[in-house]
Every structure is written in structure tokens, then in C-alpha cells.
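A short worksheet on the structure shown next.
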Amino acid sequence: MDYLRPTRKPGKKPAKSTTRTPETVCMDGGAARACTSDLGNWSNSHQCYLGRLDPQPPKSDPSWQGHTDGAIWTCVREQGIRFVTRWIWLPGRPDTVVVDPVTLVYEAIGEMRLAPPLIKTAPGVGQIGLVNLPVWMWVTKTENTWGPIVRSASVPGLAVTVTAQVKAINWSMGDGKTVRCEGPGTPYNKSMGVKASPTCGHRYIKTSRKLPNCKYPVAAVAQWDVTWQSTLGDTGQISMTQQAATQLRIGEAVPVLVDPNGGDAVAPATSGC
């Protein structure tokens with residue numbers, strides 16, 4: 001994604017983001033064992049250090065035991081003065097994985113596949129607006145461009161539920177002005193004539209004639225509010241953005257010169273676009 005960067009709102013305290021983790025006691029038989037090492041993370045159920053094999057062996061390898069899901073892990077334990085390694089298949093995450101909630105939050109956000117806003121304007125692409133006449137801006141709402149969208153992620157002993165929703169769209173109009181629209185905006189139709197948008201609009205006071213391609217560069221930045229809660233009772237909030245762009249061509253009304261002697265009407269010569 002021009003993808004999703006956490007932002008902190010100026011003047012406000014950062015959102016609460018507790019990262020308490022489940023307590024784990026790692027036991028090798030009846031003796032305590034370090035839960036992590038260079039060999040991986042200790043599994044009480046398998047009595048070894050587990051590490052996900054990367055790259056994974058081909059599905060034809062006997063270690064898959066005929067399965068096509070899950071993953072192959074290395075299972076390493078110390079025997080005397082040497083280490084013994086074997087490959088084992090696991091259908092999901094092993095009981096060694098202990099992560100903080102925020103790690104799972106970003107996993108759930110990745111499943112959302114948040115996308116840039118689907119922007120619309122009137123005048124639109126290929127049309128020409130006029131100085132001092134209203135421009136309408138709006139976005140088409142879908143689950144992953146506006147929300148609300150809910151996804152979850154979990155490991156043994158811990159789960160999070162994440163909800164994302166666009167709070168506002170900041171429109172950078174290319175003339176030095178920014179328009180903040182709290183909602184998606186109002187779609188334009190011809191019956192509205194030259195009225196201003198009731199929810200999200202702008203007026204240009206100069207033409208775009210002197211700009212590259214004779215158009216104003218317009219960017220719409222969607223501000224996402226992402227809230228989450230975990231089964232441990234932790235909660236938090238993350239701000240993210242997604243951006244889309246378009247261009248607007250703005251001209252001016254051209255007077256028509258009328259020949260009093262009955263000749264053809266002539267528009268004065270113009271330069272530029």
C-alpha cells in the first residue's frame with residue numbers, strides 16, 4: 001500500500017496501547033527451561049525448541065505426512081552434549097508463540113487490505129470547470145476504502161478484534177487550499193445545477209492555465225481510525241492514512257464578440273490551454 005503509516009495526532013496524548021503478554025512457564029520434564037533461545041521457542045507439548053522452517057520443503061516431503069495445510073517446523077532439543085533436530089508438521093501456530101496484542105493488531109490490519117479512497121469530482125476527468133463556480137468532491141464507499149471493516153487475529157491464549165473506519169477525507173486542491181470533509185461527500189447530478197455541494201466542495205479563484213498539463217493536482221487523503229481490543233482486556237487506537245489523486249482543469253467563461261453588422265460571432269483569442 002502507499003501503505004498505511006501510523007500517525008500521532010498533534011496536541012493529543014497517544015492512544016493507550018498496552019502490550020501485556022500471557023505468562024508462560026516452560027518445563028523440560030520436571031525442570032524449568034528457558035522459553036526462548038537461538039534454537040527457537042520452547043514447546044511444552046513437544047518438549048523441544050520450535051522454529052518455522054524457511055523455506056518450507058516441497059509437499060512431497062514425508063514430513064508433511066500427506067497434509068497440504070499448516071507448516072513444517074524444526075524441533076530441536078539437547079541430548080547430552082549434542083543437539084537432535086527433527087522436522088514436524090503442525091496444523092497451526094505452536095503453543096510456543098507468545099506475542100503482544102499489537103503484533104496481532106497489525107496482522108488483522110493486513111487482512112483488511114485497506115485501499116485508497118475511490119474519489120469522484122464534478123467537474124470530472126475530461127471536463128472543464130470554471131473559476132468561481134462550485135466544485136463537488138465525494139468518495140464511493142466500500143468496505144476496504146471507507147469501512148467499517150472488522151477483522152480478528154489470534155494465537156493460543158490471546159486474540160484481538162480490530163475495527164477500522166474512515167474518519168474524514170482531507171482534500172488538497174492544488175491551489176494551496178485544503179478542504180476537510182468529515183463524511184464521504186455528496187454525489188453530484190445535473191439536477192443540482194450550479195449549487196454548491198452541501199457537504200464537500202470548493203471554488204477556484206484562478207484558472208489552471210499556467211499549471212503543468214493545465215490542471216490542478218488534487219489529492220484526497222483518507223484518515224482511518226483503527227480501534228482494537230484483546231481478550232486480555234487491552235485496548236488501543238491507531239491512526240492510518242490512504243491517498244488517491246486526480247486532476248482538475250479550471251478555465252474561465254469566455255465572452256463572445258457579436259458583430260453589430262450581422263457577421264458571425266467571434267470568441268476572442270486566448271493563449272494557453
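Lettering and numbering for the C-alpha cells are positional, with chains as A, B, ... in the shown order, residues counted from 1 in each chain, and ligands counted from 1 in the shown order.
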
Which of segment 35-136 of chain A fall in helix (DSSP H, G or I), as a ChimeraX atom specification | /A:62-64,101-112

Could you save those same residues with N, CA and C atoms as a short mmCIF file (atom, residue, chain, number, x, y, z; two decimals), in the first residue's frame?
```
data_model
loop_
_atom_site.label_atom_id
_atom_site.label_comp_id
_atom_site.auth_asym_id
_atom_site.auth_seq_id
_atom_site.Cartn_x
_atom_site.Cartn_y
_atom_site.Cartn_z
N PRO A 62 8.20 -36.33 3.04
CA PRO A 62 7.47 -37.16 4.02
C PRO A 62 7.08 -36.42 5.29
N SER A 63 7.80 -35.35 5.63
CA SER A 63 7.49 -34.64 6.87
C SER A 63 6.09 -34.02 6.85
N TRP A 64 5.51 -33.84 5.66
CA TRP A 64 4.16 -33.28 5.56
C TRP A 64 3.09 -34.31 5.96
N PRO A 101 -0.31 -7.96 21.94
CA PRO A 101 -1.51 -7.72 21.15
C PRO A 101 -1.28 -6.88 19.90
N VAL A 102 -0.37 -5.89 19.98
CA VAL A 102 -0.17 -5.01 18.84
C VAL A 102 0.33 -5.78 17.62
N THR A 103 1.16 -6.80 17.85
CA THR A 103 1.61 -7.63 16.74
C THR A 103 0.42 -8.26 16.02
N LEU A 104 -0.53 -8.75 16.80
CA LEU A 104 -1.73 -9.34 16.19
C LEU A 104 -2.60 -8.27 15.54
N VAL A 105 -2.63 -7.07 16.11
CA VAL A 105 -3.41 -5.97 15.52
C VAL A 105 -2.97 -5.72 14.09
N TYR A 106 -1.65 -5.62 13.87
CA TYR A 106 -1.16 -5.35 12.52
C TYR A 106 -1.38 -6.54 11.59
N GLU A 107 -1.41 -7.74 12.15
CA GLU A 107 -1.75 -8.90 11.34
C GLU A 107 -3.20 -8.80 10.86
N ALA A 108 -4.10 -8.38 11.75
CA ALA A 108 -5.50 -8.22 11.37
C ALA A 108 -5.67 -7.08 10.37
N ILE A 109 -4.92 -6.00 10.55
CA ILE A 109 -4.99 -4.88 9.60
C ILE A 109 -4.56 -5.34 8.21
N GLY A 110 -3.52 -6.16 8.16
CA GLY A 110 -3.09 -6.69 6.87
C GLY A 110 -4.18 -7.48 6.17
N GLU A 111 -5.01 -8.19 6.95
CA GLU A 111 -6.11 -8.95 6.37
C GLU A 111 -7.20 -8.04 5.83
N MET A 112 -7.26 -6.81 6.31
CA MET A 112 -8.29 -5.87 5.85
C MET A 112 -8.05 -5.40 4.42
#
```

Quick one: pull the distance between atom CA of Met173 of chain A and atom CA of Ile119 of chain A, Å, one decimal.
->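 Distance between the two atoms: 12.8 Å.
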
Can you list, as a list in words, every protein, DNA or RNA residue that comes within 9 Å of Val218 of chain A when you count only C-alpha atoms, leaving out same-chain residues fewer than 3 positions away?
->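 Near neighbours after the sequence-gap exclusion: Trp171, Ser172, Met173, Gly174, Asp175, Ala244, Ala245, Thr246, Gln247 and Leu248 of chain A.
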
Would you write out those residues with N, CA, C and O atoms, as a PDB file, in the first residue's frame?
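Result file follows (part_37.pdb):
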```
ATOM      1  N   TRP A 171      -8.898  16.931   1.467  1.00  0.00           N
ATOM      2  CA  TRP A 171      -8.702  17.178   0.033  1.00  0.00           C
ATOM      3  C   TRP A 171      -7.705  18.312  -0.158  1.00  0.00           C
ATOM      4  O   TRP A 171      -7.961  19.450   0.247  1.00  0.00           O
ATOM      5  N   SER A 172      -6.568  18.015  -0.766  1.00  0.00           N
ATOM      6  CA  SER A 172      -5.597  19.040  -1.143  1.00  0.00           C
ATOM      7  C   SER A 172      -5.908  19.452  -2.570  1.00  0.00           C
ATOM      8  O   SER A 172      -5.769  18.655  -3.506  1.00  0.00           O
ATOM      9  N   MET A 173      -6.351  20.697  -2.751  1.00  0.00           N
ATOM     10  CA  MET A 173      -6.952  21.108  -4.017  1.00  0.00           C
ATOM     11  C   MET A 173      -5.946  21.596  -5.062  1.00  0.00           C
ATOM     12  O   MET A 173      -6.314  21.895  -6.186  1.00  0.00           O
ATOM     13  N   GLY A 174      -4.670  21.685  -4.707  1.00  0.00           N
ATOM     14  CA  GLY A 174      -3.662  22.080  -5.680  1.00  0.00           C
ATOM     15  C   GLY A 174      -3.465  23.570  -5.813  1.00  0.00           C
ATOM     16  O   GLY A 174      -2.574  24.024  -6.534  1.00  0.00           O
ATOM     17  N   ASP A 175      -4.307  24.365  -5.126  1.00  0.00           N
ATOM     18  CA  ASP A 175      -4.182  25.823  -5.167  1.00  0.00           C
ATOM     19  C   ASP A 175      -3.741  26.377  -3.815  1.00  0.00           C
ATOM     20  O   ASP A 175      -3.885  27.567  -3.537  1.00  0.00           O
ATOM     21  N   ALA A 244      -5.354   9.010  -2.616  1.00  0.00           N
ATOM     22  CA  ALA A 244      -5.620   8.877  -4.048  1.00  0.00           C
ATOM     23  C   ALA A 244      -5.505  10.264  -4.680  1.00  0.00           C
ATOM     24  O   ALA A 244      -5.561  11.283  -3.977  1.00  0.00           O
ATOM     25  N   ALA A 245      -5.335  10.308  -5.988  1.00  0.00           N
ATOM     26  CA  ALA A 245      -5.114  11.586  -6.655  1.00  0.00           C
ATOM     27  C   ALA A 245      -5.898  11.674  -7.958  1.00  0.00           C
ATOM     28  O   ALA A 245      -6.251  10.663  -8.574  1.00  0.00           O
ATOM     29  N   THR A 246      -6.178  12.914  -8.359  1.00  0.00           N
ATOM     30  CA  THR A 246      -6.791  13.185  -9.654  1.00  0.00           C
ATOM     31  C   THR A 246      -6.336  14.565 -10.101  1.00  0.00           C
ATOM     32  O   THR A 246      -5.490  15.192  -9.431  1.00  0.00           O
ATOM     33  N   GLN A 247      -6.877  15.069 -11.204  1.00  0.00           N
ATOM     34  CA  GLN A 247      -6.541  16.400 -11.696  1.00  0.00           C
ATOM     35  C   GLN A 247      -7.814  17.106 -12.135  1.00  0.00           C
ATOM     36  O   GLN A 247      -8.756  16.465 -12.626  1.00  0.00           O
ATOM     37  N   LEU A 248      -7.834  18.427 -11.948  1.00  0.00           N
ATOM     38  CA  LEU A 248      -8.992  19.228 -12.349  1.00  0.00           C
ATOM     39  C   LEU A 248      -8.543  20.370 -13.256  1.00  0.00           C
ATOM     40  O   LEU A 248      -7.610  21.105 -12.917  1.00  0.00           O
TER      41      LEU A 248
END
```

Selection near Met192 of chain A, 12 Å with only C-alpha atoms, sequence-local residues under 5 positions removed, as a VMD selection string | chain A and resid 122 134 to 136 186 to 187 197 to 198

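Of the residues under consideration (A:Asp38, A:Thr199, A:Ala219, A:Pro212), A:Ala219 shows the shortest atom-to-atom contact distance to Gly176 of chain A when counting only C-alpha atoms.
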
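Closest to Val179 of chain A among A:Met137, A:Ala153, A:Ala31, A:Ile72 is A:Met137, based on only C-alpha atoms.
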
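Each of A:Arg113, A:Arg33, A:Lys120, A:Arg151 was checked against Arg77 of chain A using only C-alpha atoms; the smallest atom-to-atom distance is that of A:Arg33.
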
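Closest approach to Gln165 of chain A among A:Trp224, A:Tyr188, A:Tyr216, A:Trp138: A:Trp224, based on only C-alpha atoms.
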
Counting only C-alpha atoms, the option among A:Asn213, A:His67, A:Val84, A:Trp89 closest to Leu53 of chain A =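 Using only C-alpha atoms, Leu53 of chain A sits closest to A:Trp89.
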
Show which residues sit within 12 Å of Pro94 of chain A, as a list in words. Count only C-alpha atoms, and ignore same-chain residues fewer than 3 positions away.
-> Gly40, Asn41, Trp42, Ser43, Asn44, Ser45, His46, Gln47, Cys48, Tyr49, Leu50, Gly51, Arg52, Gly70, Ala71, Ile72, Trp73, Thr74, Cys75, Ile88, Trp89, Leu90, Pro91, Val97, Val98, Ser154, Val155, Pro156 and Gly157 of chain A

Residues as selected, N, CA, C and O atoms, written as a tab-separated table (two decimals), in the first residue's frame, can you do that?
```
chain	number	residue	atom	x	y	z
A	40	GLY	N	15.04	-21.41	18.89
A	40	GLY	CA	13.62	-21.19	18.69
A	40	GLY	C	12.93	-20.93	20.00
A	40	GLY	O	13.55	-20.49	20.98
A	41	ASN	N	11.62	-21.25	20.06
A	41	ASN	CA	10.82	-21.09	21.27
A	41	ASN	C	10.44	-22.46	21.81
A	41	ASN	O	10.08	-23.37	21.06
A	42	TRP	N	10.51	-22.60	23.12
A	42	TRP	CA	10.26	-23.90	23.73
A	42	TRP	C	8.79	-24.27	23.68
A	42	TRP	O	7.91	-23.46	23.91
A	43	SER	N	8.52	-25.52	23.36
A	43	SER	CA	7.17	-26.07	23.35
A	43	SER	C	7.05	-27.12	24.45
A	43	SER	O	7.77	-28.13	24.42
A	44	ASN	N	6.17	-26.87	25.42
A	44	ASN	CA	5.96	-27.86	26.48
A	44	ASN	C	5.36	-29.15	25.93
A	44	ASN	O	5.66	-30.23	26.40
A	45	SER	N	4.49	-29.00	24.93
A	45	SER	CA	3.82	-30.20	24.41
A	45	SER	C	4.76	-31.07	23.59
A	45	SER	O	4.66	-32.29	23.60
A	46	HIS	N	5.71	-30.46	22.88
A	46	HIS	CA	6.64	-31.23	22.04
A	46	HIS	C	8.00	-31.44	22.72
A	46	HIS	O	8.83	-32.18	22.20
A	47	GLN	N	8.22	-30.72	23.84
A	47	GLN	CA	9.46	-30.86	24.59
A	47	GLN	C	10.70	-30.58	23.73
A	47	GLN	O	11.66	-31.35	23.70
A	48	CYS	N	10.63	-29.49	23.00
A	48	CYS	CA	11.77	-29.08	22.16
A	48	CYS	C	11.59	-27.61	21.79
A	48	CYS	O	10.53	-27.03	22.02
A	49	TYR	N	12.65	-27.04	21.22
A	49	TYR	CA	12.57	-25.68	20.70
A	49	TYR	C	12.05	-25.75	19.26
A	49	TYR	O	12.60	-26.49	18.43
A	50	LEU	N	11.03	-24.98	18.97
A	50	LEU	CA	10.42	-25.00	17.65
A	50	LEU	C	10.76	-23.73	16.87
A	50	LEU	O	10.75	-22.62	17.41
A	51	GLY	N	11.05	-23.92	15.59
A	51	GLY	CA	11.28	-22.80	14.68
A	51	GLY	C	10.66	-23.14	13.33
A	51	GLY	O	10.83	-24.25	12.83
A	52	ARG	N	9.93	-22.19	12.76
A	52	ARG	CA	9.28	-22.47	11.47
A	52	ARG	C	10.34	-22.59	10.38
A	52	ARG	O	11.19	-21.72	10.22
A	70	GLY	N	-1.11	-26.04	7.09
A	70	GLY	CA	-0.16	-25.96	8.18
A	70	GLY	C	1.25	-25.65	7.71
A	70	GLY	O	1.45	-25.05	6.65
A	71	ALA	N	2.24	-26.06	8.47
A	71	ALA	CA	3.64	-25.77	8.14
A	71	ALA	C	4.55	-26.79	8.81
A	71	ALA	O	4.16	-27.49	9.75
A	72	ILE	N	5.77	-26.87	8.30
A	72	ILE	CA	6.80	-27.74	8.86
A	72	ILE	C	7.70	-26.93	9.79
A	72	ILE	O	8.13	-25.82	9.42
A	73	TRP	N	7.94	-27.45	10.99
A	73	TRP	CA	8.75	-26.78	11.99
A	73	TRP	C	9.95	-27.66	12.37
A	73	TRP	O	9.86	-28.88	12.34
A	74	THR	N	11.05	-27.02	12.71
A	74	THR	CA	12.18	-27.76	13.26
A	74	THR	C	11.96	-27.92	14.76
A	74	THR	O	11.57	-26.96	15.45
A	75	CYS	N	12.20	-29.11	15.25
A	75	CYS	CA	12.04	-29.42	16.68
A	75	CYS	C	13.43	-29.82	17.18
A	75	CYS	O	13.95	-30.88	16.81
A	88	ILE	N	8.78	-31.55	12.11
A	88	ILE	CA	7.42	-31.98	12.46
A	88	ILE	C	6.41	-31.08	11.75
A	88	ILE	O	6.69	-29.90	11.49
A	89	TRP	N	5.28	-31.66	11.43
A	89	TRP	CA	4.19	-30.89	10.83
A	89	TRP	C	3.24	-30.41	11.92
A	89	TRP	O	2.89	-31.16	12.83
A	90	LEU	N	2.83	-29.13	11.84
A	90	LEU	CA	1.85	-28.57	12.76
A	90	LEU	C	0.74	-27.91	11.96
A	90	LEU	O	1.01	-27.19	10.97
A	91	PRO	N	-0.51	-28.09	12.36
A	91	PRO	CA	-1.63	-27.53	11.59
A	91	PRO	C	-1.77	-26.03	11.73
A	91	PRO	O	-2.40	-25.37	10.90
A	97	VAL	N	4.17	-19.79	20.72
A	97	VAL	CA	4.07	-18.42	20.22
A	97	VAL	C	3.36	-17.54	21.23
A	97	VAL	O	2.18	-17.72	21.51
A	98	VAL	N	4.10	-16.63	21.82
A	98	VAL	CA	3.54	-15.67	22.75
A	98	VAL	C	3.89	-14.28	22.21
A	98	VAL	O	5.06	-13.90	22.19
A	154	SER	N	-5.38	-14.22	16.11
A	154	SER	CA	-5.22	-14.88	17.40
A	154	SER	C	-4.03	-15.82	17.40
A	154	SER	O	-3.55	-16.25	16.34
A	155	VAL	N	-3.56	-16.12	18.58
A	155	VAL	CA	-2.61	-17.18	18.86
A	155	VAL	C	-3.15	-17.88	20.11
A	155	VAL	O	-4.06	-17.36	20.78
A	156	PRO	N	-2.64	-19.05	20.44
A	156	PRO	CA	-3.13	-19.71	21.65
A	156	PRO	C	-3.03	-18.80	22.87
A	156	PRO	O	-1.96	-18.26	23.17
A	157	GLY	N	-4.13	-18.55	23.54
A	157	GLY	CA	-4.15	-17.73	24.74
A	157	GLY	C	-4.35	-16.26	24.52
A	157	GLY	O	-4.44	-15.49	25.48
```

Contacts of Val226 of chain A at 10 Å or less, counting only C-alpha atoms, minus same-chain residues fewer than 2 places along, as JSON, numbers by chain?
-> {"A": [6, 105, 109, 148, 149, 150, 162, 163, 164, 165, 166, 167, 223, 224, 228, 236, 237, 238, 239, 240]}
